[in-house]
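Here is the file entry23.cif (mmCIF, C-alpha atoms).
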```cif
data_entry
#
loop_
_atom_site.label_atom_id
_atom_site.label_comp_id
_atom_site.auth_asym_id
_atom_site.auth_seq_id
_atom_site.Cartn_x
_atom_site.Cartn_y
_atom_site.Cartn_z
CA MET A 1 0.13 101.87 -4.89
CA HIS A 2 -0.09 105.52 -5.85
CA THR A 3 2.53 108.17 -5.13
CA VAL A 4 1.86 111.89 -4.78
CA SER A 5 4.85 114.22 -4.81
CA SER A 6 5.12 116.25 -1.62
CA ALA A 7 7.48 117.25 1.17
CA VAL A 8 7.76 116.58 4.85
CA GLY A 9 9.94 118.54 7.24
CA ALA A 10 10.64 119.21 10.87
CA LEU A 11 11.81 122.43 12.46
CA VAL A 12 14.18 122.19 15.39
CA THR A 13 14.49 125.75 16.56
CA ALA A 14 17.33 127.34 18.44
CA TRP A 15 15.03 129.28 20.68
CA ALA A 16 16.20 129.60 24.24
CA LEU A 17 14.68 128.18 27.38
CA VAL A 18 13.42 130.94 29.68
CA SER A 19 11.05 131.08 32.65
CA GLY A 20 10.28 134.78 33.04
CA CYS A 21 10.13 136.75 36.28
CA ASP A 22 10.64 140.49 36.54
CA ALA A 23 9.54 143.65 38.38
CA ASN A 24 8.82 147.21 37.36
CA ALA A 25 7.24 150.37 38.75
CA GLY A 26 3.52 151.02 38.44
CA ILE A 27 1.93 153.12 35.71
CA GLY A 28 -1.24 155.06 36.49
CA GLY A 29 -1.78 153.17 39.75
CA THR A 30 -1.53 149.75 38.07
CA PRO A 31 1.89 148.08 38.01
CA ALA A 32 3.25 147.31 34.56
CA VAL A 33 6.43 146.24 32.84
CA ASP A 34 7.49 148.93 30.38
CA ARG A 35 7.89 147.54 26.88
CA ASP A 36 11.49 148.79 26.68
CA ALA A 37 12.32 146.97 29.91
CA LEU A 38 10.55 143.87 28.59
CA GLN A 39 12.60 143.96 25.40
CA THR A 40 15.81 144.29 27.40
CA ASP A 41 14.83 141.45 29.71
CA ILE A 42 13.96 139.05 26.87
CA ALA A 43 17.20 139.84 25.04
CA ALA A 44 19.20 139.34 28.26
CA ARG A 45 17.55 135.99 28.97
CA LEU A 46 18.19 134.74 25.45
CA ALA A 47 21.80 135.90 25.63
CA LYS A 48 22.25 134.14 28.98
CA ALA A 49 20.93 130.96 27.36
CA GLY A 50 23.52 131.31 24.62
CA GLU A 51 21.31 132.80 21.91
CA GLN A 52 21.84 136.37 20.71
CA PRO A 53 18.74 137.83 19.01
CA GLN A 54 19.14 140.35 16.24
CA SER A 55 16.23 142.34 17.64
CA VAL A 56 13.41 142.21 20.18
CA THR A 57 10.35 144.41 19.65
CA CYS A 58 7.42 144.50 22.08
CA ARG A 59 4.16 146.10 20.99
CA GLU A 60 3.03 147.39 24.38
CA ASN A 61 3.62 147.44 28.11
CA LEU A 62 2.74 144.32 30.10
CA VAL A 63 -0.07 145.28 32.48
CA GLY A 64 0.35 143.85 35.97
CA GLU A 65 -2.87 141.85 36.20
CA VAL A 66 -2.85 138.07 36.45
CA GLY A 67 -3.75 136.60 33.07
CA LYS A 68 -2.84 139.70 31.05
CA THR A 69 -0.73 138.95 27.99
CA THR A 70 1.39 140.67 25.39
CA ARG A 71 3.51 139.53 22.46
CA CYS A 72 6.99 140.49 21.36
CA GLU A 73 8.70 140.02 18.02
CA VAL A 74 12.03 138.23 18.39
CA VAL A 75 14.28 137.97 15.33
CA MET A 76 17.13 135.48 15.61
CA SER A 77 18.07 135.57 11.89
CA PRO A 78 16.43 136.51 8.58
CA THR A 79 14.87 133.01 8.43
CA ASN A 80 14.25 132.38 12.13
CA SER A 81 11.91 134.58 14.12
CA PHE A 82 9.19 133.97 16.66
CA GLN A 83 6.61 135.76 18.76
CA PRO A 84 6.55 134.58 22.38
CA VAL A 85 3.36 135.05 24.37
CA ILE A 86 4.14 136.72 27.71
CA THR A 87 1.57 136.09 30.44
CA VAL A 88 1.38 137.62 33.93
CA THR A 89 1.29 134.85 36.55
CA GLY A 90 1.43 136.92 39.73
CA VAL A 91 1.62 140.47 41.09
CA ASP A 92 3.09 141.51 44.45
CA GLY A 93 3.10 145.29 44.77
CA SER A 94 5.26 146.56 41.93
CA ALA A 95 6.78 143.12 41.36
CA ILE A 96 5.31 141.35 38.35
CA ASN A 97 5.93 137.69 37.68
CA TYR A 98 5.40 136.46 34.16
CA GLU A 99 6.07 133.45 31.98
CA MET A 100 6.81 133.12 28.29
CA SER A 101 5.56 130.49 25.86
CA PRO A 102 6.61 130.03 22.22
CA ALA A 103 4.44 131.00 19.29
CA VAL A 104 4.84 132.08 15.68
CA SER A 105 2.67 134.52 13.78
CA LYS A 106 1.00 133.67 10.48
CA GLU A 107 3.75 135.43 8.54
CA GLN A 108 6.53 133.77 10.56
CA LEU A 109 4.95 130.34 10.05
CA GLU A 110 4.74 130.92 6.31
CA LYS A 111 8.46 131.72 6.18
CA ALA A 112 9.33 128.67 8.31
CA VAL A 113 7.20 126.30 6.22
CA SER A 114 8.68 127.70 3.00
CA ARG A 115 12.20 127.06 4.28
CA LEU A 116 11.37 123.57 5.56
CA VAL A 117 9.67 122.44 2.36
CA ALA A 118 12.47 123.86 0.20
CA ASP A 119 15.13 122.10 2.31
CA ALA A 120 13.26 118.77 2.48
CA ALA A 121 12.17 118.53 -1.15
CA ARG A 122 15.02 120.53 -2.69
CA VAL A 123 12.57 122.45 -4.84
CA GLN A 124 11.75 126.11 -5.24
CA VAL A 125 8.77 127.22 -3.18
CA ALA A 126 6.61 129.66 -5.11
CA SER A 127 4.26 130.56 -2.28
CA VAL A 128 2.99 129.58 1.16
CA SER A 129 -0.30 130.73 2.62
CA CYS A 130 -1.20 129.68 6.17
CA GLN A 131 -4.63 130.08 7.72
CA SER A 132 -3.21 131.14 11.09
CA GLY A 133 -0.15 131.32 13.28
CA LEU A 134 0.90 128.50 15.62
CA GLU A 135 1.08 128.36 19.42
CA GLY A 136 3.73 126.32 21.17
CA LYS A 137 1.47 123.65 22.64
CA VAL A 138 1.97 119.95 21.93
CA GLY A 139 -0.67 118.86 19.45
CA ALA A 140 -1.44 122.39 18.23
CA THR A 141 -1.96 122.53 14.47
CA ALA A 142 -2.18 125.01 11.62
CA HIS A 143 -2.91 124.53 7.93
CA CYS A 144 -0.90 125.98 5.05
CA ASP A 145 -1.28 125.83 1.28
CA VAL A 146 2.11 125.34 -0.38
CA ASP A 147 3.01 125.76 -4.03
CA ALA A 148 6.37 124.02 -4.51
CA GLY A 149 8.01 122.52 -7.58
CA GLY A 150 4.85 123.05 -9.59
CA VAL A 151 2.77 121.01 -7.11
CA LYS A 152 0.14 122.64 -4.90
CA LEU A 153 -0.68 120.76 -1.71
CA ARG A 154 -2.23 121.53 1.66
CA ARG A 155 0.09 120.97 4.64
CA THR A 156 -0.77 120.39 8.26
CA VAL A 157 1.77 121.84 10.70
CA GLU A 158 1.70 120.08 14.08
CA VAL A 159 3.71 120.83 17.23
CA ASN A 160 5.22 117.66 18.70
CA THR A 161 7.49 118.94 21.48
CA VAL A 162 7.85 122.13 23.51
CA GLU A 163 10.65 123.05 25.92
CA GLY A 164 10.63 126.61 27.20
CA LEU A 165 10.81 128.73 24.06
CA MET A 166 11.87 125.76 21.96
CA MET A 167 9.16 124.26 19.79
CA ASN A 168 9.50 121.36 17.39
CA PHE A 169 6.95 120.82 14.64
CA ASP A 170 6.35 118.63 11.62
CA VAL A 171 5.03 119.74 8.25
CA VAL A 172 2.76 117.00 6.92
CA PRO A 173 1.32 117.04 3.36
CA VAL A 174 -2.43 116.78 2.95
CA LEU A 175 -4.49 116.01 -0.14
CA THR A 176 -7.89 117.73 -0.15
CA LYS A 177 -10.83 115.50 -0.96
CA GLU A 178 -10.95 116.98 -4.47
CA GLU A 179 -7.26 116.21 -4.99
CA VAL A 180 -7.73 112.66 -3.66
CA ALA A 181 -10.61 112.08 -6.06
CA SER A 182 -8.62 113.45 -9.01
CA SER A 183 -5.56 111.34 -8.21
CA LEU A 184 -7.71 108.20 -7.89
CA LEU A 185 -9.26 108.88 -11.31
CA ASP A 186 -5.76 109.33 -12.74
CA GLU A 187 -4.71 106.02 -11.23
CA PHE A 188 -7.67 104.12 -12.73
CA GLU A 189 -7.02 105.70 -16.11
CA ARG A 190 -3.38 104.56 -16.01
CA GLN A 191 -4.30 101.04 -15.00
CA LEU A 192 -7.41 100.47 -17.12
CA GLY A 193 -6.83 102.78 -20.05
CA ARG A 194 -10.16 104.45 -19.41
CA ARG A 195 -11.00 107.26 -17.03
CA PRO A 196 -14.07 106.71 -14.82
CA ASP A 197 -16.83 109.31 -15.05
CA SER A 198 -16.40 110.65 -11.53
CA ALA A 199 -15.09 110.05 -8.03
CA GLN A 200 -16.14 111.46 -4.69
CA CYS A 201 -14.18 111.11 -1.46
CA ALA A 202 -15.43 111.51 2.09
CA GLY A 203 -12.67 113.87 3.15
CA SER A 204 -9.04 114.91 2.89
CA LEU A 205 -6.13 112.49 3.21
CA GLU A 206 -3.36 113.56 5.57
CA GLY A 207 0.10 112.21 4.82
CA THR A 208 0.53 110.10 7.95
CA ALA A 209 1.00 106.34 7.61
CA GLY A 210 -2.20 104.47 8.36
CA ASN A 211 -4.58 107.34 7.64
CA THR A 212 -7.54 106.37 5.45
CA VAL A 213 -10.32 107.92 3.41
CA ASP A 214 -13.26 106.33 1.60
CA CYS A 215 -14.01 107.16 -2.03
CA THR A 216 -16.79 106.21 -4.46
CA VAL A 217 -16.02 105.80 -8.18
CA VAL A 218 -18.70 105.97 -10.86
CA THR A 219 -18.32 104.50 -14.38
CA GLY A 220 -21.50 104.59 -16.42
CA SER A 221 -24.13 102.76 -14.38
CA ASP A 222 -21.53 101.03 -12.18
CA THR A 223 -20.56 102.33 -8.76
CA ALA A 224 -17.68 101.01 -6.64
CA SER A 225 -16.36 102.10 -3.26
CA PHE A 226 -12.73 102.02 -2.16
CA THR A 227 -10.70 102.74 0.95
CA LEU A 228 -7.42 104.57 0.41
CA THR A 229 -4.70 104.02 3.02
CA VAL A 230 -1.48 105.97 3.39
CA THR A 231 1.39 103.47 3.40
CA THR A 232 4.47 105.67 3.71
CA VAL A 233 5.47 109.31 3.65
CA SER A 234 9.16 109.66 2.86
CA GLY A 235 11.54 111.13 0.36
CA GLY A 236 9.08 113.89 -0.45
CA SER A 237 6.22 111.56 -1.43
CA ILE A 238 2.87 110.35 -0.11
CA ASN A 239 2.37 106.68 -0.95
CA TYR A 240 -1.08 105.16 -0.62
CA SER A 241 -2.79 101.93 -1.57
CA TYR A 242 -6.49 101.38 -2.24
CA ALA A 243 -8.80 98.41 -1.88
CA PRO A 244 -12.50 97.77 -2.48
CA ARG A 245 -14.73 98.39 0.49
CA PRO A 246 -16.74 95.38 1.63
#
```
Once more with this new file: its structure as structure tokens, please.
Amino acid sequence: MHTVSSAVGALVTAWALVSGCDANAGIGGTPAVDRDALQTDIAARLAKAGEQPQSVTCRENLVGEVGKTTRCEVVMSPTNSFQPVITVTGVDGSAINYEMSPAVSKEQLEKAVSRLVADAARVQVASVSCQSGLEGKVGATAHCDVDAGGVKLRRTVEVNTVEGLMMNFDVVPVLTKEEVASSLLDEFERQLGRRPDSAQCAGSLEGTAGNTVDCTVVTGSDTASFTLTVTTVSGGSINYSYAPRP
């Protein structure tokens, strides 16, 4: 069994549950919710749900056309902010109905992942770089590269529950196929006292129990294939076993 140092975390936010319905006068013949009114409404809804935001900043007015969207920056604390997506669901004269769904921007996700990894692994996080933000939809994913405690690993962030503006997600470590190959070579060298010439793996290995990846190891003229299987992910480590492929 081989162990790779990593970290796993879950974020349980304190974001409030809201449903969104408001009205405002028209602008230029098309009804719209003024961004100032939108900010006030979001803050009031959060306060009513027992959460007091430090600030709410909307980029633009919400145009009263079904399907139109806008985003607002909501800061709950220096380490907890989000960017709900506000979508128009209906228009009746100057009355605009809208709903809100949770989301975090790329920068907000990077801060959240940094905090989660630091708390879970109790190590200093040097940097986090995510490829995108994350929408509050069950099963939605984003990928982040994390440098923590001197170890650089790819993480997959996956949303597992959503309730109103509350989203819950896991941060799962991932070894790239190059990292898997390198770790397998290290393991053979420790066990056999000799490092094979090369190893190639079919893909990355995500730190979820039961996940597998196939790798081929070359030593001189000999070639052997193995299947690596994640056994456990706990205590800040990915544990995997490997066995020859038939």
Selection dump of the PyMOL selection byres ((chain A and resi 232) around 9), as a list of chain:residue names: A:Gly207, A:Thr208, A:Ala209, A:Gly210, A:Val230, A:Thr231, A:Val233, A:Ser234, A:Ser237, A:Ile238, A:Asn239, A:Tyr240
Given the PyMOL selection byres ((chain A and resi 127) around 6), the residues it picks as a PyMOL selection string: chain A and resi 125-126+128+146-147
Given the file above and the PyMOL selection byres ((chain A and resi 205) around 7), which residues are selected, and can you give them as an mmCIF file with C-alpha atoms, in the frame of the given file?
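What landed in out_34.cif:
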```
data_model
loop_
_atom_site.group_PDB
_atom_site.id
_atom_site.type_symbol
_atom_site.label_atom_id
_atom_site.label_comp_id
_atom_site.auth_asym_id
_atom_site.auth_seq_id
_atom_site.Cartn_x
_atom_site.Cartn_y
_atom_site.Cartn_z
ATOM 1 C CA VAL A 174 -2.430 116.780 2.950
ATOM 2 C CA LEU A 175 -4.490 116.010 -0.140
ATOM 3 C CA THR A 176 -7.890 117.730 -0.150
ATOM 4 C CA LYS A 177 -10.830 115.500 -0.960
ATOM 5 C CA GLY A 203 -12.670 113.870 3.150
ATOM 6 C CA SER A 204 -9.040 114.910 2.890
ATOM 7 C CA GLU A 206 -3.360 113.560 5.570
ATOM 8 C CA GLY A 207 0.100 112.210 4.820
ATOM 9 C CA ASN A 211 -4.580 107.340 7.640
ATOM 10 C CA THR A 212 -7.540 106.370 5.450
ATOM 11 C CA VAL A 213 -10.320 107.920 3.410
#
```
Using only C-alpha atoms: which of A:Asp222, A:Met167, A:Lys152, A:Asp145 has the shortest distance to Val104 in chain A: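 Selected residue with least distance to Val104 in chain A: A:Met167.
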Selected residue of minimal separation from Phe82 in chain A among A:Ser183, A:Asn61, A:Asn160, A:Gln108, counting all atoms listed in the file: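 The answer is A:Gln108, which sits nearest to Phe82 in chain A.
Non-sequential neighbours of Leu185 in chain A (distance at most 12 Å, separation of 6 or more positions within a chain, only C-alpha atoms) are His2, Glu178, Glu179, Gln191, Leu192, Gly193, Arg194, Arg195, Pro196, Asp197, Ser198, Ala199, Gln200, Cys201, Cys215, Thr216, Val217, Val218, Thr219 and Phe226 of chain A.
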Using all atoms listed in the file: which of A:Asp119, A:Asp170, A:Asp41, A:Glu110 has the shortest distance to Pro53 in chain A: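 The closest residue to Pro53 in chain A is A:Asp41.
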Straight-line distance linking CA of Gly220 in chain A with CA of Glu187 in chain A, stated in Å to one decimal: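 CA of Glu187 in chain A lies at a distance of 17.6 Å from CA of Gly220 in chain A.
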Residue nearest Gly136 in chain A - candidates A:Ala37, A:Leu46, A:Met100, A:Ala243, atoms counted: all atoms listed in the file: A:Met100
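For Gln52 in chain A, the non-local neighbours within 8 Å, defined as residues at least 4 positions apart in the same chain or in other chains and counting only C-alpha atoms, are Ala43, Leu46, Ala47 and Met76 of chain A.
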Around (4.0, 122.7, 14.5), as given in the file, which residues come within 6 Å? Count all atoms listed in the file and list them as a tab-separated table (two decimals) with C-alpha atoms, keeping the file's coordinate frame.
```
chain	number	residue	atom	x	y	z
A	141	THR	CA	-1.96	122.53	14.47
A	157	VAL	CA	1.77	121.84	10.70
A	158	GLU	CA	1.70	120.08	14.08
A	159	VAL	CA	3.71	120.83	17.23
A	169	PHE	CA	6.95	120.82	14.64
A	170	ASP	CA	6.35	118.63	11.62
```
Selected residue of minimal separation from Cys58 in chain A among A:Ala140, A:Ala44, A:Leu153, A:Val74, counting all atoms listed in the file: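 Of all the options, A:Val74 lies closest to Cys58 in chain A.
CA of Tyr98 in chain A sits 10.5 Å away from CA of Thr70 in chain A.
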Interatomic distance (Å, one decimal) between CA of Tyr242 in chain A and CA of Ala202 in chain A: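 So the answer is 14.2 Å.
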A:Val56, A:Met166, A:Val151, A:Ala49 ranked by distance to Ala121 in chain A, top pick (using all atoms listed in the file):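 With all atoms listed in the file as the atom set, the closest residue is A:Val151.
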Shell around Cys72 in chain A at 10 Å using all atoms listed in the file, local window under 2 positions removed, as a PyMOL selection string: chain A and resi 35+38-39+42+56-60+70+74-75+82-86
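Near Cys130 in chain A, within 8 Å and counting all atoms listed in the file, sit Lys106, Glu107, Leu109, Glu110, Val128, Ser132, Gly133, Ala142, His143, Cys144 and Asp145 of chain A; same-chain residues fewer than 2 positions away were not included.
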Take every atom of range 77-93 of chain A listed in the file, fit an axis-aligned box around them, add 6 Å per side, and give the centre and edge lengths in Å to one decimal as JSON.
```
{"center_x": 9.7, "center_y": 138.8, "center_z": 26.6, "size_x": 28.8, "size_y": 24.9, "size_z": 48.3}
```
